[in-house]
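For reference, the structure discussed in these notes is given below.
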Protein chains: 2
Amino acid sequence: MGLKERKARDREEMRETILQSAHQLFVDKGFDDVSIRNIAEAIEYSPATIYLYFKDKNEIFYALHGEAFKKFNEFMSVIAEIKDPFKRLIKMGERYMEFTFQFPKYYDIMFIMQAPMDCDKNSEDWKEGEVAHCQLENLVKECQQHGYFKNKDYRTLSFLIWSTMHGMCSLALRDRMKLYEEEERAKMLEKSFKMLKQILSTM
Amino acid sequence: MGLKERKARDREEMRETILQSAHQLFVDKGFDDVSIRNIAEAIEYSPATIYLYFKDKNEIFYALHGEAFKKFNEFMSVIAEIKDPFKRLIKMGERYMEFTFQFPKYYDIMFIMQAPMDCDKNSEDWKEGEVAHCQLENLVKECQQHGYFKNKDYRTLSFLIWSTMHGMCSLALRDRMKLYEEEERAKMLEKSFKMLKQILSTM
DNA sequence: TAGTAAAATGAACACTGTTTAGTATTTTTG
DNA sequence: CAAAAATACTAAACAGTGTTCATTTTACTA
């Protein structure tokens with residue numbers, strides 16, 4: 001009775017094929033600039049076929065959303081080797097920024113785009129997101145155990161740090177730093193991150 | 001020879017009419033969900049007419065972008081009455097948040113949306129934006145003259161503060177606070193803003 | 001009033017996401 | 001193996017998008 005299983009595997013393979021093509025196109029052009037017809041063409045199927053495997057374009061988005069967070073967590077994993085929690089937190093910030101500018105389209109679906117958020121937070125594609133968030137909170141808590149951030153609620157502080165990082169990254173990504181000269185922008189990001197480090201270290 | 005002038009005035013009036021309708025629709029539904037045909041219907045002209053007054057949909061965006069910043073600066077003007085610069089800075093943050101949640105669609109074009117940013121920063125529609133940014137930098141500088149933020153570059157700190165505010169507001173606006181319970185979200189924003197205040201006050 | 005310049009438009013083009021009815025292809029059953 | 005049932009796939013259509021252009025309507029001038 002290995003037939004039903006094969007069928008299920010075939011289905012999963014097709015989903016994967018679609019997702020892979022969507023992924024590639026998406027990273028190149030961004031979600032809004034990739035059409036169902038583009039994806040269909042890439043996998044050499046008709047557009048209608050895609051709707052047999054995904055409810056709509058948003059469901060493809062959700063899946064990529066999950067992938068993005070998985071990649072993010074992978075990208076973050078290098079910080080584990082750092083023993084000192086505060087240094088690890090700083091490195092986390094650095095990696096966050098690096099990820100943002102190395103995979104801007106991913107960052108977009110993860111934290112900026114409107115589209116996918118009308119979903120339930122209990123979905124599979126959100127688990128990796130929660131992992132990332134948990135890691136930050138746990139790290140901040142660990143810092144507290146080492147004497148940092150006294151008399152601060154670690155969850156609130158975690159959100160505040162995330163907000164600051166996201167603020168800098170998304171303003172840069174969405175071209176809201178035009179007030180600064182072209183050459184100044186990268187420097188400004190660097191300097192403000194440095195200042196954030198300094199503020200956190202004296203807290 | 002008041003004819004050419006009247007013609008020019010008529011043109012300007014039509015532009016204004018289009019913009020007003022676009023504005024209304026836009027505030028209700030958001031930029032992406034308003035079509036040229038929607039605007040045309042509202043002003044009871046054909047879609048093609050709009051292209052006699054605006055180069056494309058983006059040019060309408062630019063104009064609304066300028067309007068949004070004007071509204072923003074107006075909204076901010078109440079802080080002027082506060083003498084103490086630090087208290088004024090805090091009030092500025094509060095107003096920033098209020099504006100965000102009272103006019104989310106405006107906030108969107110001002111700071112989040114992709115669309116309009118492929119323009120030159122010297123355009124009219126950017127002046128109000130620069131005013132806003134300047135006000136923040138000047139206020140931070142003024143705080144320094146009153147003993148706050150010693151040994152800090154005021155421009156860098158301004159950007160850092162802006163980033164933090166924008167981070168919190170845009171994460172909330174784009175529904176990235178699902179990790180927190182429904183009821184917790186507003187509280188979390190409040191608490192992290194409070195923490196930011198506290199951090200700034202001891203700097 | 002005829003002629004010209006300006007303003008407005010209907011219709012089209014090339015797209016978009018999505019649905020449906022119908023056709024191939026496989027698998028199951030008699 | 002042949003017929004029936006189930007599955008996989010697709011062409012075509014629908015309703016919408018931004019945008020362009022030839023054509024018509026309107027307004028002003030000589």
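Ligands are numbered from 1 in the order shown, chains are lettered A, B, ... in the order of the structure tokens, and residues start at 1 in each chain.
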
| request: Specify as a PyMOL selection string all residues of chain A found within 9 Å of chain B, counting only C-alpha atoms. | output: chain A and resi 110-114+117-118+120-121+129-130+133+152+155-157+159-171+174-176+178-179+188-189+191-193+195-196+199+203

Any chance you can output those residues with N, CA and C atoms as a compact mmCIF listing (two decimals), in the first residue's frame?
# COMPACT_ATOMS: atom_id res chain seq x y z
N MET A 110 9.74 39.08 6.07
CA MET A 110 9.78 38.78 7.50
C MET A 110 9.20 39.91 8.35
N PHE A 111 9.60 41.13 8.01
CA PHE A 111 9.30 42.22 8.94
C PHE A 111 8.59 43.44 8.38
N ILE A 112 8.53 43.56 7.06
CA ILE A 112 7.98 44.81 6.53
C ILE A 112 6.67 44.63 5.77
N MET A 113 6.64 43.66 4.87
CA MET A 113 5.48 43.54 3.99
C MET A 113 4.17 43.35 4.72
N GLN A 114 3.13 43.84 4.09
CA GLN A 114 1.80 43.77 4.65
C GLN A 114 1.22 42.37 4.50
N MET A 117 0.26 38.78 6.97
CA MET A 117 0.04 38.79 8.41
C MET A 117 -1.38 38.48 8.83
N ASP A 118 -2.28 38.37 7.85
CA ASP A 118 -3.65 38.01 8.21
C ASP A 118 -3.79 36.48 8.31
N ASP A 120 -3.02 32.90 11.09
CA ASP A 120 -2.97 32.54 12.51
C ASP A 120 -1.53 32.33 12.93
N LYS A 121 -1.22 32.79 14.12
CA LYS A 121 0.16 32.73 14.58
C LYS A 121 0.57 31.30 14.93
N GLY A 129 9.86 31.89 13.48
CA GLY A 129 9.82 33.27 13.91
C GLY A 129 9.82 33.38 15.43
N GLU A 130 9.05 32.52 16.04
CA GLU A 130 8.99 32.50 17.50
C GLU A 130 10.33 32.10 18.11
N HIS A 133 12.56 35.07 18.14
CA HIS A 133 12.16 36.03 19.15
C HIS A 133 12.54 35.53 20.56
N LYS A 152 15.33 46.10 34.89
CA LYS A 152 14.62 46.25 33.60
C LYS A 152 13.83 44.97 33.33
N ARG A 155 11.60 41.37 28.82
CA ARG A 155 10.75 41.26 27.62
C ARG A 155 10.59 42.63 26.96
N THR A 156 10.35 43.62 27.82
CA THR A 156 10.22 44.98 27.29
C THR A 156 11.51 45.45 26.63
N LEU A 157 12.61 45.18 27.32
CA LEU A 157 13.91 45.60 26.77
C LEU A 157 14.20 44.87 25.46
N PHE A 159 12.06 43.85 23.26
CA PHE A 159 11.28 44.50 22.21
C PHE A 159 11.88 45.84 21.81
N LEU A 160 12.36 46.57 22.80
CA LEU A 160 12.96 47.87 22.53
C LEU A 160 14.21 47.73 21.67
N ILE A 161 15.02 46.74 21.98
CA ILE A 161 16.23 46.50 21.19
C ILE A 161 15.88 46.08 19.76
N TRP A 162 14.94 45.16 19.68
CA TRP A 162 14.49 44.71 18.35
C TRP A 162 13.96 45.90 17.54
N SER A 163 13.12 46.71 18.20
CA SER A 163 12.56 47.88 17.52
C SER A 163 13.66 48.77 16.96
N THR A 164 14.67 49.00 17.78
CA THR A 164 15.75 49.89 17.35
C THR A 164 16.48 49.31 16.14
N MET A 165 16.81 48.04 16.22
CA MET A 165 17.47 47.38 15.09
C MET A 165 16.59 47.41 13.85
N HIS A 166 15.34 47.05 14.05
CA HIS A 166 14.42 47.04 12.91
C HIS A 166 14.23 48.44 12.35
N GLY A 167 14.16 49.40 13.21
CA GLY A 167 14.01 50.79 12.77
C GLY A 167 15.14 51.19 11.85
N MET A 168 16.35 50.99 12.29
CA MET A 168 17.52 51.35 11.48
C MET A 168 17.51 50.60 10.15
N CYS A 169 17.31 49.30 10.24
CA CYS A 169 17.39 48.46 9.03
C CYS A 169 16.29 48.79 8.03
N SER A 170 15.07 48.97 8.53
CA SER A 170 13.97 49.19 7.60
C SER A 170 13.99 50.59 7.00
N LEU A 171 14.45 51.56 7.77
CA LEU A 171 14.60 52.90 7.21
C LEU A 171 15.62 52.89 6.08
N ARG A 174 14.17 50.82 3.03
CA ARG A 174 13.10 51.51 2.32
C ARG A 174 13.48 52.93 1.94
N ASP A 175 14.76 53.17 1.85
CA ASP A 175 15.30 54.42 1.29
C ASP A 175 14.83 55.68 2.01
N ARG A 176 14.71 55.58 3.32
CA ARG A 176 14.30 56.78 4.09
C ARG A 176 15.50 57.51 4.69
N LYS A 178 17.51 59.37 2.76
CA LYS A 178 17.92 60.32 1.72
C LYS A 178 18.30 61.68 2.30
N LEU A 179 17.89 61.90 3.55
CA LEU A 179 18.24 63.17 4.20
C LEU A 179 19.74 63.23 4.44
N MET A 188 26.37 56.36 8.98
CA MET A 188 25.37 56.71 9.99
C MET A 188 24.81 55.47 10.67
N LEU A 189 24.54 54.46 9.88
CA LEU A 189 24.07 53.18 10.44
C LEU A 189 25.10 52.61 11.41
N LYS A 191 27.51 54.19 12.97
CA LYS A 191 27.68 55.03 14.16
C LYS A 191 26.53 54.86 15.14
N SER A 192 25.32 54.75 14.61
CA SER A 192 24.19 54.63 15.53
C SER A 192 24.16 53.25 16.19
N PHE A 193 24.60 52.24 15.46
CA PHE A 193 24.71 50.92 16.09
C PHE A 193 25.76 50.93 17.20
N MET A 195 26.59 53.50 18.93
CA MET A 195 26.02 54.24 20.05
C MET A 195 25.07 53.36 20.85
N LEU A 196 24.28 52.56 20.14
CA LEU A 196 23.38 51.63 20.82
C LEU A 196 24.17 50.67 21.71
N ILE A 199 25.32 52.49 24.76
CA ILE A 199 24.22 52.73 25.68
C ILE A 199 23.87 51.46 26.46
N MET A 203 24.25 50.22 30.99
CA MET A 203 22.87 50.17 31.50
C MET A 203 22.77 49.25 32.69

Need the shell around DT4 of chain C: protein/DNA/RNA residues with any atom at most 12 Å away, counting only C-alpha atoms (C1' of nucleotides). Skip same-chain ones fewer than 2 positions apart. Format as a compact mmCIF listing (two decimals) with C-alpha atoms (C1' of nucleotides), in the first residue's frame?
# COMPACT_ATOMS: atom_id res chain seq x y z
C1' DA C 2 -14.86 79.28 -39.44
C1' DA C 6 -6.83 72.67 -25.65
C1' DA D 27 -13.28 76.57 -25.65
C1' DC D 28 -11.14 80.46 -27.52
C1' DT D 29 -9.48 83.48 -31.44
C1' DA D 30 -9.19 85.72 -35.87

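Across D:DC21, D:DG16, D:DT7, D:DA2, the tightest approach to chain A is made by D:DT7 when counting only C-alpha atoms (C1' of nucleotides).
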
Per residue of chain B within 9 Å of chain C, what are the shortest atom pair and its distance in Å to one decimal, counting only C-alpha atoms (C1' of nucleotides), with rows by chain and residue number, as a tab-separated table?
residue	atom	partner	partner_atom	distance
B:Tyr45	CA	C:DA8	C1'	8.0
B:Ser46	CA	C:DT9	C1'	6.2
B:Pro47	CA	C:DT9	C1'	8.5
B:Ala48	CA	C:DT9	C1'	7.0
B:Thr49	CA	C:DA8	C1'	6.2
B:Leu52	CA	C:DA7	C1'	8.9

| request: From segment 68-174 of chain A, collect each residue whose DSSP state is helix (DSSP H, G or I) and return the set as JSON, numbers by chain. | output: {"A": [68, 69, 70, 71, 72, 73, 74, 75, 76, 77, 78, 79, 80, 81, 85, 86, 87, 88, 89, 90, 91, 92, 93, 94, 95, 96, 97, 98, 99, 100, 101, 102, 104, 105, 106, 107, 108, 109, 110, 111, 112, 115, 116, 117, 124, 125, 126, 127, 128, 129, 130, 131, 132, 133, 134, 135, 136, 137, 138, 139, 140, 141, 142, 143, 144, 145, 154, 155, 156, 157, 158, 159, 160, 161, 162, 163, 164, 165, 166, 167, 168, 169, 170, 171, 172, 173]}

Select all residues from chain B having any atom no more than 10 Å from an atom of chain D (counting only C-alpha atoms (C1' of nucleotides), ignoring ligands), output as an mmCIF file with C-alpha atoms, in the first residue's frame.
data_model
loop_
_atom_site.group_PDB
_atom_site.id
_atom_site.type_symbol
_atom_site.label_atom_id
_atom_site.label_comp_id
_atom_site.auth_asym_id
_atom_site.auth_seq_id
_atom_site.Cartn_x
_atom_site.Cartn_y
_atom_site.Cartn_z
ATOM 1 C CA SER B 35 -6.844 52.482 -8.682
ATOM 2 C CA ILE B 36 -6.668 55.289 -11.183
ATOM 3 C CA ARG B 37 -10.139 54.232 -12.270
ATOM 4 C CA PRO B 47 -9.169 57.604 -16.263
ATOM 5 C CA ALA B 48 -7.178 59.003 -19.160
ATOM 6 C CA TYR B 51 -2.765 61.332 -16.974
ATOM 7 C CA LYS B 55 2.690 61.605 -15.102
ATOM 8 C CA ASP B 56 1.722 58.361 -13.422
ATOM 9 C CA LYS B 57 0.343 56.884 -10.216
#

Near Leu64 of chain A, within 9 Å and counting only C-alpha atoms (C1' of nucleotides), which residues show up once chain neighbours fewer than 6 positions away are dropped, as a tab-separated table (two decimals) with C-alpha atoms, in the first residue's frame?
chain	number	residue	atom	x	y	z
A	19	LEU	CA	8.33	26.98	-3.91
A	22	ALA	CA	8.95	31.14	-6.49
A	23	HIS	CA	11.80	31.55	-4.05
A	106	TYR	CA	13.76	38.04	2.90
A	109	ILE	CA	8.61	39.42	3.96
A	125	ASP	CA	5.51	28.99	9.21

| task | Record the distance separating atom CA of Leu25 of chain A and atom CA of Ala42 of chain A, expressed in Å with one decimal. | result |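 According to the coordinates, atom CA of Leu25 of chain A and atom CA of Ala42 of chain A are separated by 8.8 Å.
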
| query | In Å, how far is it from atom CA of Tyr96 of chain B to atom CA of Met76 of chain B? | reply |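 Computed distance, atom CA of Tyr96 of chain B to atom CA of Met76 of chain B, equals 7.7 Å.
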
| said: Please compute the atom CA of Ser21 of chain A-atom CA of Glu44 of chain A distance, one decimal, in Å. | reply: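 Result for atom CA of Ser21 of chain A versus atom CA of Glu44 of chain A: 10.5 Å, one decimal.
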